[in-house]
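Novice: One file is attached below, coords11.pdb, containing PDB, C-alpha atoms.
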```
MODEL        1
ATOM      1  CA  MET J  88      83.047 125.361 118.922
ATOM      2  CA  THR J  89      80.293 123.015 119.935
ATOM      3  CA  ILE J  90      79.256 121.449 123.199
ATOM      4  CA  PRO J  91      81.830 118.865 124.369
ATOM      5  CA  LEU J  92      80.905 115.213 124.576
ATOM      6  CA  ALA J  93      81.677 115.355 128.294
ATOM      7  CA  HIS J  94      78.780 117.744 128.936
ATOM      8  CA  TYR J  95      76.305 115.426 127.246
ATOM      9  CA  LEU J  96      77.649 112.538 129.329
ATOM     10  CA  ILE J  97      77.377 114.571 132.540
ATOM     11  CA  PHE J  98      73.801 115.550 131.694
ATOM     12  CA  SER J  99      72.920 111.934 130.994
ATOM     13  CA  GLY J 100      74.607 110.830 134.238
ATOM     14  CA  ILE J 101      72.715 113.423 136.271
ATOM     15  CA  LEU J 102      69.384 112.358 134.762
ATOM     16  CA  PHE J 103      70.275 108.709 135.445
ATOM     17  CA  SER J 104      71.198 109.373 139.065
ATOM     18  CA  ILE J 105      68.001 111.344 139.697
ATOM     19  CA  GLY J 106      66.137 108.298 138.411
ATOM     20  CA  LEU J 107      68.272 106.058 140.642
ATOM     21  CA  ALA J 108      67.437 108.229 143.662
ATOM     22  CA  GLY J 109      63.734 107.964 142.810
ATOM     23  CA  VAL J 110      63.927 104.172 142.526
ATOM     24  CA  LEU J 111      65.656 103.966 145.893
ATOM     25  CA  ILE J 112      63.579 106.529 147.777
ATOM     26  CA  ARG J 113      60.004 106.385 146.566
ATOM     27  CA  LYS J 114      57.454 103.958 147.948
ATOM     28  CA  ASN J 115      54.777 104.363 145.272
ATOM     29  CA  ILE J 116      55.569 101.674 142.722
ATOM     30  CA  LEU J 117      54.161 103.757 139.847
ATOM     31  CA  VAL J 118      56.657 106.534 140.522
ATOM     32  CA  VAL J 119      59.463 103.958 140.852
ATOM     33  CA  PHE J 120      58.516 102.731 137.390
ATOM     34  CA  MET J 121      58.489 106.282 135.975
ATOM     35  CA  CYS J 122      62.001 106.775 137.335
ATOM     36  CA  LEU J 123      63.111 103.528 135.648
ATOM     37  CA  GLU J 124      61.841 104.892 132.323
ATOM     38  CA  MET J 125      63.800 108.062 132.909
ATOM     39  CA  MET J 126      66.975 106.058 133.504
ATOM     40  CA  LEU J 127      66.469 104.317 130.152
ATOM     41  CA  SER J 128      66.011 107.610 128.340
ATOM     42  CA  ALA J 129      69.141 108.979 130.028
ATOM     43  CA  ALA J 130      71.079 106.035 128.594
ATOM     44  CA  ASN J 131      69.653 106.941 125.166
ATOM     45  CA  ILE J 132      71.115 110.442 125.370
ATOM     46  CA  SER J 133      74.623 109.173 126.001
ATOM     47  CA  LEU J 134      74.287 106.614 123.185
ATOM     48  CA  VAL J 135      73.301 109.331 120.708
ATOM     49  CA  ALA J 136      76.130 111.555 121.966
ATOM     50  CA  PHE J 137      78.609 108.714 121.458
ATOM     51  CA  SER J 138      77.237 108.146 117.960
ATOM     52  CA  ARG J 139      78.115 111.752 117.143
ATOM     53  CA  ALA J 140      81.528 111.572 118.814
ATOM     54  CA  GLN J 141      82.594 108.446 116.924
ATOM     55  CA  GLY J 142      81.446 109.778 113.574
ATOM     56  CA  THR J 143      83.806 110.334 110.681
ATOM     57  CA  ASP J 144      83.457 112.621 107.639
ATOM     58  CA  GLY J 145      80.576 114.510 109.220
ATOM     59  CA  ILE J 146      78.325 111.458 109.420
ATOM     60  CA  PRO J 147      77.485 109.992 112.853
ATOM     61  CA  VAL J 148      77.828 106.268 113.502
ATOM     62  CA  TYR J 149      74.242 105.166 113.114
ATOM     63  CA  ASP J 150      74.729 101.805 114.864
ATOM     64  CA  ALA J 151      74.446 103.598 118.217
ATOM     65  CA  GLN J 152      71.216 105.307 117.189
ATOM     66  CA  VAL J 153      69.786 101.972 116.029
ATOM     67  CA  LEU J 154      70.672 100.564 119.453
ATOM     68  CA  SER J 155      68.891 103.433 121.178
ATOM     69  CA  LEU J 156      65.879 102.882 118.903
ATOM     70  CA  PHE J 157      65.837  99.265 120.121
ATOM     71  CA  ILE J 158      66.024 100.504 123.714
ATOM     72  CA  VAL J 159      62.973 102.700 123.121
ATOM     73  CA  ALA J 160      61.027  99.769 121.666
ATOM     74  CA  ILE J 161      61.989  97.453 124.526
ATOM     75  CA  ALA J 162      61.042 100.197 126.996
ATOM     76  CA  ALA J 163      57.584 100.402 125.427
ATOM     77  CA  ALA J 164      57.097  96.631 125.739
ATOM     78  CA  GLU J 165      58.421  96.724 129.302
ATOM     79  CA  VAL J 166      56.027  99.498 130.307
ATOM     80  CA  SER J 167      53.009  97.635 128.985
ATOM     81  CA  ILE J 168      53.931  94.495 130.961
ATOM     82  CA  GLY J 169      55.007  96.403 134.077
ATOM     83  CA  LEU J 170      51.820  98.435 134.259
ATOM     84  CA  ALA J 171      49.769  95.273 133.812
ATOM     85  CA  LEU J 172      51.707  93.769 136.723
ATOM     86  CA  ILE J 173      51.011  96.879 138.807
ATOM     87  CA  VAL J 174      47.291  96.613 138.025
ATOM     88  CA  ALA J 175      47.377  92.933 139.052
ATOM     89  CA  MET J 176      49.235  93.874 142.229
ATOM     90  CA  PHE J 177      46.627  96.543 143.021
ATOM     91  CA  ARG J 178      43.867  93.961 142.587
ATOM     92  CA  ALA J 179      45.649  91.618 145.002
ATOM     93  CA  THR J 180      46.714  94.048 147.737
ATOM     94  CA  ARG J 181      44.479  97.127 147.143
ATOM     95  CA  SER J 182      47.534  99.371 147.244
ATOM     96  CA  VAL J 183      50.387 100.527 145.022
ATOM     97  CA  ASP J 184      52.839 100.599 147.900
ATOM     98  CA  SER J 185      56.000  98.614 147.236
ATOM     99  CA  THR J 186      56.293  97.990 151.007
ATOM    100  CA  SER J 187      52.904  96.253 151.037
ATOM    101  CA  LEU J 188      54.393  93.269 149.196
ATOM    102  CA  ASN J 189      55.583  91.507 152.353
ATOM    103  CA  THR J 190      53.621  88.248 152.350
ATOM    104  CA  LEU J 191      56.775  86.158 152.289
ATOM    105  CA  LYS J 192      58.426  88.285 154.979
ATOM    106  CA  ASP J 193      55.884  87.758 157.809
TER     107      ASP J 193
ATOM    108  CA  MET R  99      74.855 123.272 111.496
ATOM    109  CA  PHE R 100      74.301 123.398 115.284
ATOM    110  CA  GLU R 101      77.511 125.325 115.972
ATOM    111  CA  SER R 102      76.244 128.778 116.839
ATOM    112  CA  ALA R 103      76.432 130.121 120.369
ATOM    113  CA  ILE R 104      72.651 130.171 120.686
ATOM    114  CA  CYS R 105      72.574 126.378 120.252
ATOM    115  CA  GLN R 106      74.913 125.985 123.212
ATOM    116  CA  ILE R 107      72.828 128.271 125.392
ATOM    117  CA  ILE R 108      69.717 126.324 124.391
ATOM    118  CA  PHE R 109      71.449 123.054 125.310
ATOM    119  CA  TYR R 110      72.370 124.227 128.801
ATOM    120  CA  VAL R 111      68.921 125.763 129.409
ATOM    121  CA  PHE R 112      67.117 122.617 128.263
ATOM    122  CA  ALA R 113      69.491 120.364 130.211
ATOM    123  CA  ALA R 114      68.819 122.340 133.397
ATOM    124  CA  LEU R 115      65.055 122.281 132.787
ATOM    125  CA  ALA R 116      65.082 118.531 132.085
ATOM    126  CA  ALA R 117      67.014 117.854 135.299
ATOM    127  CA  LEU R 118      64.646 120.131 137.246
ATOM    128  CA  CYS R 119      61.576 118.305 135.919
ATOM    129  CA  ALA R 120      63.294 115.002 136.707
ATOM    130  CA  ILE R 121      63.692 116.129 140.308
ATOM    131  CA  GLY R 122      59.987 117.018 140.170
ATOM    132  CA  ILE R 123      59.124 113.387 139.341
ATOM    133  CA  VAL R 124      60.830 112.222 142.521
ATOM    134  CA  ALA R 125      59.763 115.103 144.750
ATOM    135  CA  PHE R 126      56.019 115.436 144.073
ATOM    136  CA  ARG R 127      53.795 113.335 146.283
ATOM    137  CA  ASN R 128      50.899 113.194 143.835
ATOM    138  CA  PRO R 129      51.575 110.600 141.073
ATOM    139  CA  VAL R 130      49.666 112.716 138.508
ATOM    140  CA  ALA R 131      52.061 115.619 139.152
ATOM    141  CA  SER R 132      54.967 113.181 138.760
ATOM    142  CA  ALA R 133      53.592 112.013 135.410
ATOM    143  CA  MET R 134      53.208 115.606 134.189
ATOM    144  CA  ASN R 135      56.798 116.351 135.206
ATOM    145  CA  MET R 136      57.864 113.248 133.325
ATOM    146  CA  ALA R 137      56.164 114.608 130.178
ATOM    147  CA  LEU R 138      58.054 117.888 130.505
ATOM    148  CA  SER R 139      61.344 116.145 131.199
ATOM    149  CA  PHE R 140      60.966 113.913 128.134
ATOM    150  CA  GLY R 141      60.048 116.951 126.026
ATOM    151  CA  PHE R 142      63.240 118.746 127.034
ATOM    152  CA  THR R 143      65.260 115.570 126.462
ATOM    153  CA  ALA R 144      63.794 115.383 122.950
ATOM    154  CA  ALA R 145      64.858 118.997 122.387
ATOM    155  CA  ILE R 146      68.425 118.064 123.367
ATOM    156  CA  LEU R 147      68.344 115.144 120.921
ATOM    157  CA  PHE R 148      67.189 117.538 118.176
ATOM    158  CA  GLY R 149      70.100 119.792 119.065
ATOM    159  CA  MET R 150      72.483 116.870 118.640
ATOM    160  CA  GLY R 151      71.244 116.455 115.061
ATOM    161  CA  ALA R 152      69.445 113.193 115.832
ATOM    162  CA  GLN R 153      66.070 114.361 114.576
ATOM    163  CA  PHE R 154      64.572 110.902 114.259
ATOM    164  CA  MET R 155      65.538 109.901 117.800
ATOM    165  CA  GLY R 156      64.055 113.179 119.062
ATOM    166  CA  ILE R 157      60.763 112.500 117.306
ATOM    167  CA  VAL R 158      60.750 108.920 118.616
ATOM    168  CA  GLN R 159      61.400 110.243 122.115
ATOM    169  CA  LEU R 160      58.385 112.551 121.784
ATOM    170  CA  ILE R 161      56.024 110.025 120.207
ATOM    171  CA  VAL R 162      56.927 106.903 122.188
ATOM    172  CA  TYR R 163      57.911 108.295 125.586
ATOM    173  CA  ALA R 164      55.911 111.518 125.897
ATOM    174  CA  GLY R 165      53.050 110.181 123.785
ATOM    175  CA  ALA R 166      52.514 106.490 124.380
ATOM    176  CA  ILE R 167      54.277 105.563 127.618
ATOM    177  CA  LEU R 168      53.161 108.653 129.506
ATOM    178  CA  VAL R 169      49.508 108.241 128.492
ATOM    179  CA  LEU R 170      49.685 104.615 129.648
ATOM    180  CA  PHE R 171      51.020 105.799 133.004
ATOM    181  CA  LEU R 172      48.267 108.402 133.331
ATOM    182  CA  PHE R 173      45.602 105.815 132.473
ATOM    183  CA  VAL R 174      46.861 103.505 135.209
ATOM    184  CA  VAL R 175      47.226 106.309 137.778
ATOM    185  CA  MET R 176      43.662 107.404 137.129
ATOM    186  CA  MET R 177      42.266 103.896 136.920
ATOM    187  CA  LEU R 178      43.783 102.888 140.258
ATOM    188  CA  ASP R 179      42.741 106.209 141.848
ATOM    189  CA  VAL R 180      46.079 106.579 143.669
ATOM    190  CA  LYS R 181      46.091 109.035 146.541
ATOM    191  CA  ALA R 182      49.024 111.265 147.405
ATOM    192  CA  GLU R 183      51.009 109.595 150.173
ATOM    193  CA  GLU R 184      51.946 111.234 153.445
ATOM    194  CA  ARG R 185      55.100 109.234 154.082
ATOM    195  CA  PHE R 186      56.659 108.551 150.712
ATOM    196  CA  CYS R 187      60.091 107.219 151.651
ATOM    197  CA  LYS R 188      60.817 103.532 151.951
ATOM    198  CA  LEU R 189      64.478 104.178 152.742
ATOM    199  CA  PRO R 190      65.786 107.049 154.821
ATOM    200  CA  LEU R 191      65.933 109.955 152.381
ATOM    201  CA  PHE R 192      69.636 110.589 152.812
ATOM    202  CA  ILE R 193      70.699 107.036 151.856
ATOM    203  CA  GLY R 194      69.065 107.396 148.454
ATOM    204  CA  LEU R 195      70.498 110.868 148.011
ATOM    205  CA  VAL R 196      74.007 109.730 148.981
ATOM    206  CA  VAL R 197      73.945 106.742 146.585
ATOM    207  CA  ALA R 198      72.643 108.873 143.713
ATOM    208  CA  SER R 199      75.102 111.696 144.405
ATOM    209  CA  VAL R 200      78.040 109.289 144.514
ATOM    210  CA  PHE R 201      76.943 107.850 141.170
ATOM    211  CA  ALA R 202      76.532 111.306 139.622
ATOM    212  CA  GLY R 203      79.923 112.304 141.009
ATOM    213  CA  ILE R 204      81.647 109.273 139.500
ATOM    214  CA  VAL R 205      80.068 109.895 136.083
ATOM    215  CA  THR R 206      81.011 113.578 136.199
ATOM    216  CA  TYR R 207      84.570 112.786 137.271
ATOM    217  CA  VAL R 208      85.078 110.206 134.526
ATOM    218  CA  SER R 209      83.525 112.464 131.870
ATOM    219  CA  LEU R 210      85.572 115.485 132.842
ATOM    220  CA  ASN R 211      88.743 113.398 132.780
ATOM    221  CA  LEU R 212      88.206 112.294 129.204
ATOM    222  CA  PRO R 213      91.034 113.729 127.138
ATOM    223  CA  GLY R 214      90.165 117.172 125.878
ATOM    224  CA  ALA R 215      86.994 117.508 127.931
ATOM    225  CA  GLY R 216      88.015 120.836 129.398
ATOM    226  CA  SER R 217      88.710 122.606 126.150
ATOM    227  CA  PHE R 218      86.009 123.345 123.646
ATOM    228  CA  SER R 219      88.159 123.023 120.519
ATOM    229  CA  CYS R 220      89.460 119.536 119.958
ATOM    230  CA  PRO R 221      90.428 117.504 116.929
ATOM    231  CA  MET R 222      88.027 114.881 115.751
ATOM    232  CA  ALA R 223      89.148 111.425 116.781
ATOM    233  CA  THR R 224      87.824 107.953 116.199
ATOM    234  CA  LEU R 225      88.429 104.696 117.956
ATOM    235  CA  CYS R 226      88.131 102.582 114.804
ATOM    236  CA  GLU R 227      91.838 102.402 113.979
ATOM    237  CA  ASN R 228      92.612 101.663 117.607
ATOM    238  CA  ILE R 229      90.212  98.754 117.662
ATOM    239  CA  ASP R 230      91.904  97.364 114.561
ATOM    240  CA  ALA R 231      95.282  97.776 116.240
ATOM    241  CA  LEU R 232      94.051  95.845 119.282
ATOM    242  CA  ALA R 233      93.800  92.715 117.137
ATOM    243  CA  VAL R 234      97.575  92.870 116.594
ATOM    244  CA  THR R 235      99.519  91.149 119.367
ATOM    245  CA  ASP R 236     101.633  94.191 120.013
ATOM    246  CA  THR R 237     101.316  94.750 123.740
ATOM    247  CA  PRO R 238     102.629  98.330 124.029
ATOM    248  CA  ALA R 239     100.506  99.432 121.072
ATOM    249  CA  ALA R 240      97.481  97.655 122.491
ATOM    250  CA  THR R 241      97.994  99.343 125.868
ATOM    251  CA  ALA R 242      98.190 102.699 124.164
ATOM    252  CA  CYS R 243      95.008 101.907 122.289
ATOM    253  CA  VAL R 244      92.746 101.176 125.238
ATOM    254  CA  GLN R 245      93.119 104.794 126.219
ATOM    255  CA  ALA R 246      90.630 107.153 124.619
ATOM    256  CA  PRO R 247      92.137 109.095 121.721
ATOM    257  CA  ALA R 248      93.287 112.649 122.306
ATOM    258  CA  GLY R 249      90.443 115.098 122.357
ATOM    259  CA  TYR R 250      87.779 112.429 122.619
ATOM    260  CA  GLY R 251      85.806 114.222 125.314
ATOM    261  CA  GLY R 252      85.946 117.515 123.466
ATOM    262  CA  SER R 253      83.584 119.043 120.949
ATOM    263  CA  LEU R 254      81.486 116.718 118.890
ATOM    264  CA  PRO R 255      82.649 116.623 115.251
ATOM    265  CA  ALA R 256      80.528 118.806 113.020
ATOM    266  CA  LEU R 257      77.884 117.238 110.813
ATOM    267  CA  ASP R 258      78.494 117.534 107.082
ATOM    268  CA  SER R 259      75.246 117.557 105.135
ATOM    269  CA  THR R 260      76.986 117.207 101.743
ATOM    270  CA  ALA R 261      78.755 113.992 102.774
ATOM    271  CA  ALA R 262      75.587 112.709 104.412
ATOM    272  CA  ASN R 263      73.533 113.392 101.279
ATOM    273  CA  LEU R 264      76.159 111.558  99.215
ATOM    274  CA  ALA R 265      76.049 108.590 101.610
ATOM    275  CA  ALA R 266      72.262 108.526 101.655
ATOM    276  CA  ASN R 267      71.811 108.748  97.885
ATOM    277  CA  PRO R 268      74.369 106.569  96.067
ATOM    278  CA  GLY R 269      73.508 107.890  92.596
ATOM    279  CA  MET R 270      73.925 111.541  93.548
ATOM    280  CA  THR R 271      76.712 113.610  92.010
ATOM    281  CA  PRO R 272      78.849 115.685  94.417
ATOM    282  CA  GLU R 273      77.625 118.943  92.816
ATOM    283  CA  CYS R 274      74.038 117.902  93.369
ATOM    284  CA  ALA R 275      74.781 116.879  96.982
ATOM    285  CA  ALA R 276      76.380 120.251  97.670
ATOM    286  CA  LYS R 277      73.157 121.949  96.586
ATOM    287  CA  ALA R 278      70.879 119.621  98.585
ATOM    288  CA  THR R 279      69.441 121.249 101.677
ATOM    289  CA  GLY R 280      68.811 119.481 104.942
ATOM    290  CA  TYR R 281      70.454 116.595 106.681
ATOM    291  CA  PRO R 282      69.121 113.116 105.696
ATOM    292  CA  ASP R 283      69.081 111.725 109.237
ATOM    293  CA  VAL R 284      66.106 109.394 108.844
ATOM    294  CA  LYS R 285      67.381 108.019 105.542
ATOM    295  CA  LEU R 286      70.786 107.085 106.962
ATOM    296  CA  LEU R 287      69.271 105.610 110.125
ATOM    297  CA  GLY R 288      66.826 103.593 108.058
ATOM    298  CA  LYS R 289      69.644 102.342 105.827
ATOM    299  CA  THR R 290      71.512 101.026 108.867
ATOM    300  CA  LEU R 291      68.392  99.606 110.482
ATOM    301  CA  PHE R 292      67.063  97.748 107.462
ATOM    302  CA  THR R 293      70.362  96.389 106.144
ATOM    303  CA  GLN R 294      72.752  95.653 108.971
ATOM    304  CA  TYR R 295      70.214  95.169 111.750
ATOM    305  CA  ASN R 296      67.280  93.771 109.783
ATOM    306  CA  ILE R 297      67.128  90.441 111.653
ATOM    307  CA  ALA R 298      67.353  92.144 115.039
ATOM    308  CA  PHE R 299      64.546  94.466 113.933
ATOM    309  CA  VAL R 300      62.308  91.515 113.056
ATOM    310  CA  ILE R 301      63.088  89.813 116.373
ATOM    311  CA  LEU R 302      62.239  93.086 118.121
ATOM    312  CA  SER R 303      58.746  92.955 116.663
ATOM    313  CA  PHE R 304      58.309  89.577 118.369
ATOM    314  CA  ALA R 305      59.327  91.188 121.670
ATOM    315  CA  LEU R 306      56.675  93.877 121.190
ATOM    316  CA  PHE R 307      54.097  91.220 120.323
ATOM    317  CA  ALA R 308      55.010  89.256 123.447
ATOM    318  CA  GLY R 309      54.656  92.469 125.455
ATOM    319  CA  THR R 310      51.151  93.065 124.116
ATOM    320  CA  VAL R 311      50.021  89.491 124.792
ATOM    321  CA  GLY R 312      51.604  89.542 128.244
ATOM    322  CA  ALA R 313      49.926  92.811 129.193
ATOM    323  CA  VAL R 314      46.499  91.498 128.191
ATOM    324  CA  ALA R 315      47.068  88.194 129.995
ATOM    325  CA  LEU R 316      48.241  89.876 133.202
ATOM    326  CA  ALA R 317      45.679  92.662 133.437
ATOM    327  CA  ARG R 318      42.692  90.438 132.585
ATOM    328  CA  LYS R 319      40.293  89.870 135.452
ATOM    329  CA  ILE R 320      40.482  86.270 136.632
ATOM    330  CA  ARG R 321      37.056  84.783 137.296
ATOM    331  CA  LYS R 322      36.722  82.947 140.572
ATOM    332  CA  ASP R 323      34.237  80.332 139.313
TER     333      ASP R 323
ENDMDL
END
```
Could you spell out this file's structure in structure tokens?

Specialist:
Amino acid sequence: MTIPLAHYLIFSGILFSIGLAGVLIRKNILVVFMCLEMMLSAANISLVAFSRAQGTDGIPVYDAQVLSLFIVAIAAAEVSIGLALIVAMFRATRSVDSTSLNTLKD
Amino acid sequence: MFESAICQIIFYVFAALAALCAIGIVAFRNPVASAMNMALSFGFTAAILFGMGAQFMGIVQLIVYAGAILVLFLFVVMMLDVKAEERFCKLPLFIGLVVASVFAGIVTYVSLNLPGAGSFSCPMATLCENIDALAVTDTPAATACVQAPAGYGGSLPALDSTAANLAANPGMTPECAAKATGYPDVKLLGKTLFTQYNIAFVILSFALFAGTVGAVALARKIRKD
């Protein structure tokens, strides 16, 4: 009697949708970026849960965990570039508001 | 391993705390408070990964997310001296909430409708044979195969440390493996990573290198003269 796979998937889906809500709602681009990171880590949870669910003979399928390791590494690279972009954006507009990027609109 | 009732209670407590801290990221107006909530949320997520028996992924979650990424965020928040905003919504609040709730509802509905999701005791099932059967041009069999096997959404199959020790150490005798304590998670993960996915791993290091160079190039101050 262990926790069903479905509960892990629901937990991961809830975390992902909270991140989605943050990306949609928040104006501060730093917080939007934090929510993006949270969505990635929510995907990791479901990958690891699937690796357990597919496992045979008491050994999980490690391909899924390798994939989630790659996701973590890509997330680290993405954060370094994204934060550099945010710093460059702050230098250009003196704000971290995503609504202040409207040069092409007016 | 990981089957006792206390492990289940810990999972639900940590899942609730992680979701609560995740709401904190979105709800707090001060970005520093959001970053602190993110640290807590990632810590609880790492605890859930430990509970799933993925010790290495839990440690990576702590070191990379809660350690490196979060500190980077805090550096930038403090460097830019971001103030708490008065109006923090770019969309009407309810649109975001409706979209996110619909998504969460769909995921919950699909997960709960996996075969065996309602009951806690389900047989272990794998998709491997079904995928092999899909290659055969037998349409009724193939149609039956695209469905998840019975009990797929149920309990995760138990980890077997004896079998894992045997798989991790090829020269080990079964008697020796039965006596070995602990689950060789890192060893098995490393075996997969450095044999099957070695080329992808090397290419990944190029991606990290490109990230480093790109960050330096973007954040560098451009001289006007």

Novice: Asp144 in chain J: which residues within 9 Å, counting all atoms listed in the file, same-chain residues fewer than 2 positions away excluded, as a list in words?

Specialist: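 My list of contacting residues is Gly142, Ile146 and Pro147 of chain J; Pro255, Ala256, Leu257, Asp258, Ala261 and Ala262 of chain R.
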
Novice: Expand the PyMOL selection byres ((chain J and resi 149) around 7) into the explicit residue set it covers here, and present it as number ranges by chain.

Specialist: J: 138, 147-148, 150-153; R: 287, 290

Novice: Place a sphere of radius 8 Å on (69.0, 112.2, 139.3) in the file coordinates and name every protein, DNA or RNA residue with an atom inside or on its surface, counting only C-alpha atoms; give the answer as a list of chain:residue names.

Specialist: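 Those within range, by chain then number, are J:Gly100, J:Ile101, J:Leu102, J:Phe103, J:Ser104, J:Ile105, J:Gly106, J:Leu107, J:Ala108, J:Gly109, R:Ala117, R:Ala120, R:Ile121, R:Ala198, R:Ser199, R:Ala202.
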
Novice: Could you work out how far CA of Phe148 in chain R lies from CA of Ala113 in chain R, giving the answer in Å with one decimal?

Specialist: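 Taking CA of Ala113 in chain R as the start and CA of Phe148 in chain R as the end point, the length is 12.6 Å.
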
Novice: Apply the PyMOL selection byres ((chain R and resi 180) around 12) to the displayed file and report the matching residues as a list of chain:residue names.

Specialist: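 Taken over the shown coordinates, the PyMOL selection byres ((chain R and resi 180) around 12) returns J:Asn115, J:Ile116, J:Leu117, J:Val118, J:Ile173, J:Val174, J:Phe177, J:Arg181, J:Ser182, J:Val183, J:Asp184, R:Arg127, R:Asn128, R:Pro129, R:Val130, R:Ala131, R:Phe171, R:Leu172, R:Phe173, R:Val174, R:Val175, R:Met176, R:Met177, R:Leu178, R:Asp179, R:Lys181, R:Ala182, R:Glu183.
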
Novice: Taking only C-alpha atoms into account, name the residue in J:Glu124, J:Asn131, J:Ser99, J:Ala136 that is nearest to Ala164 in chain J.

Specialist: J:Glu124

Novice: The PyMOL selection byres ((chain J and resi 94) around 12) on the file shown: which residues, as a ChimeraX atom specification?

Specialist: /J:89-93,95-101,132-133,136-137 /R:106,109-110,113-114,146,205-212,214-218,251-254

Novice: Here is a test: counting all atoms listed in the file, which residue of R:Ile301, R:Ala313, R:Val169, R:Ala278 is nearest to chain J?

Specialist: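 Result for the nearest residue to chain J: R:Ala313.
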
Novice: What is the distance, in Å and to one decimal place, between CA of Ala152 in chain R and CA of Ala129 in chain J?

Specialist: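 Computing it gives 14.8 Å between the two atoms.
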
Novice: Just give me the gap between CA of Ser155 in chain J and CA of Phe307 in chain R in Å, one decimal is fine.

Specialist: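 Taking CA of Ser155 in chain J as the start and CA of Phe307 in chain R as the end point, the length is 19.2 Å.
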
Novice: Can you rebuild range 94-111 of chain J with N, CA and C atoms and give it as a tab-separated table (two decimals), in the frame of the given file?

Specialist:
```tsv
chain	number	residue	atom	x	y	z
J	94	HIS	N	79.96	117.10	128.34
J	94	HIS	CA	78.78	117.74	128.94
J	94	HIS	C	77.52	116.93	128.69
J	95	TYR	N	77.44	116.32	127.50
J	95	TYR	CA	76.31	115.43	127.25
J	95	TYR	C	76.33	114.25	128.22
J	96	LEU	N	77.54	113.70	128.44
J	96	LEU	CA	77.65	112.54	129.33
J	96	LEU	C	77.28	112.92	130.76
J	97	ILE	N	77.70	114.13	131.18
J	97	ILE	CA	77.38	114.57	132.54
J	97	ILE	C	75.87	114.75	132.68
J	98	PHE	N	75.26	115.36	131.66
J	98	PHE	CA	73.80	115.55	131.69
J	98	PHE	C	73.10	114.20	131.78
J	99	SER	N	73.55	113.24	130.97
J	99	SER	CA	72.92	111.93	130.99
J	99	SER	C	73.14	111.26	132.34
J	100	GLY	N	74.34	111.42	132.92
J	100	GLY	CA	74.61	110.83	134.24
J	100	GLY	C	73.76	111.44	135.33
J	101	ILE	N	73.54	112.76	135.25
J	101	ILE	CA	72.72	113.42	136.27
J	101	ILE	C	71.28	112.93	136.18
J	102	LEU	N	70.76	112.85	134.94
J	102	LEU	CA	69.38	112.36	134.76
J	102	LEU	C	69.27	110.93	135.29
J	103	PHE	N	70.30	110.10	134.99
J	103	PHE	CA	70.28	108.71	135.44
J	103	PHE	C	70.30	108.64	136.97
J	104	SER	N	71.11	109.49	137.61
J	104	SER	CA	71.20	109.37	139.06
J	104	SER	C	69.96	109.93	139.76
J	105	ILE	N	69.28	110.90	139.13
J	105	ILE	CA	68.00	111.34	139.70
J	105	ILE	C	67.00	110.19	139.65
J	106	GLY	N	67.00	109.47	138.52
J	106	GLY	CA	66.14	108.30	138.41
J	106	GLY	C	66.49	107.25	139.43
J	107	LEU	N	67.81	107.05	139.66
J	107	LEU	CA	68.27	106.06	140.64
J	107	LEU	C	67.79	106.45	142.04
J	108	ALA	N	67.90	107.75	142.35
J	108	ALA	CA	67.44	108.23	143.66
J	108	ALA	C	65.95	107.96	143.82
J	109	GLY	N	65.17	108.21	142.74
J	109	GLY	CA	63.73	107.96	142.81
J	109	GLY	C	63.42	106.50	143.04
J	110	VAL	N	64.16	105.61	142.35
J	110	VAL	CA	63.93	104.17	142.53
J	110	VAL	C	64.23	103.76	143.96
J	111	LEU	N	65.29	104.35	144.54
J	111	LEU	CA	65.66	103.97	145.89
J	111	LEU	C	64.71	104.56	146.93
```
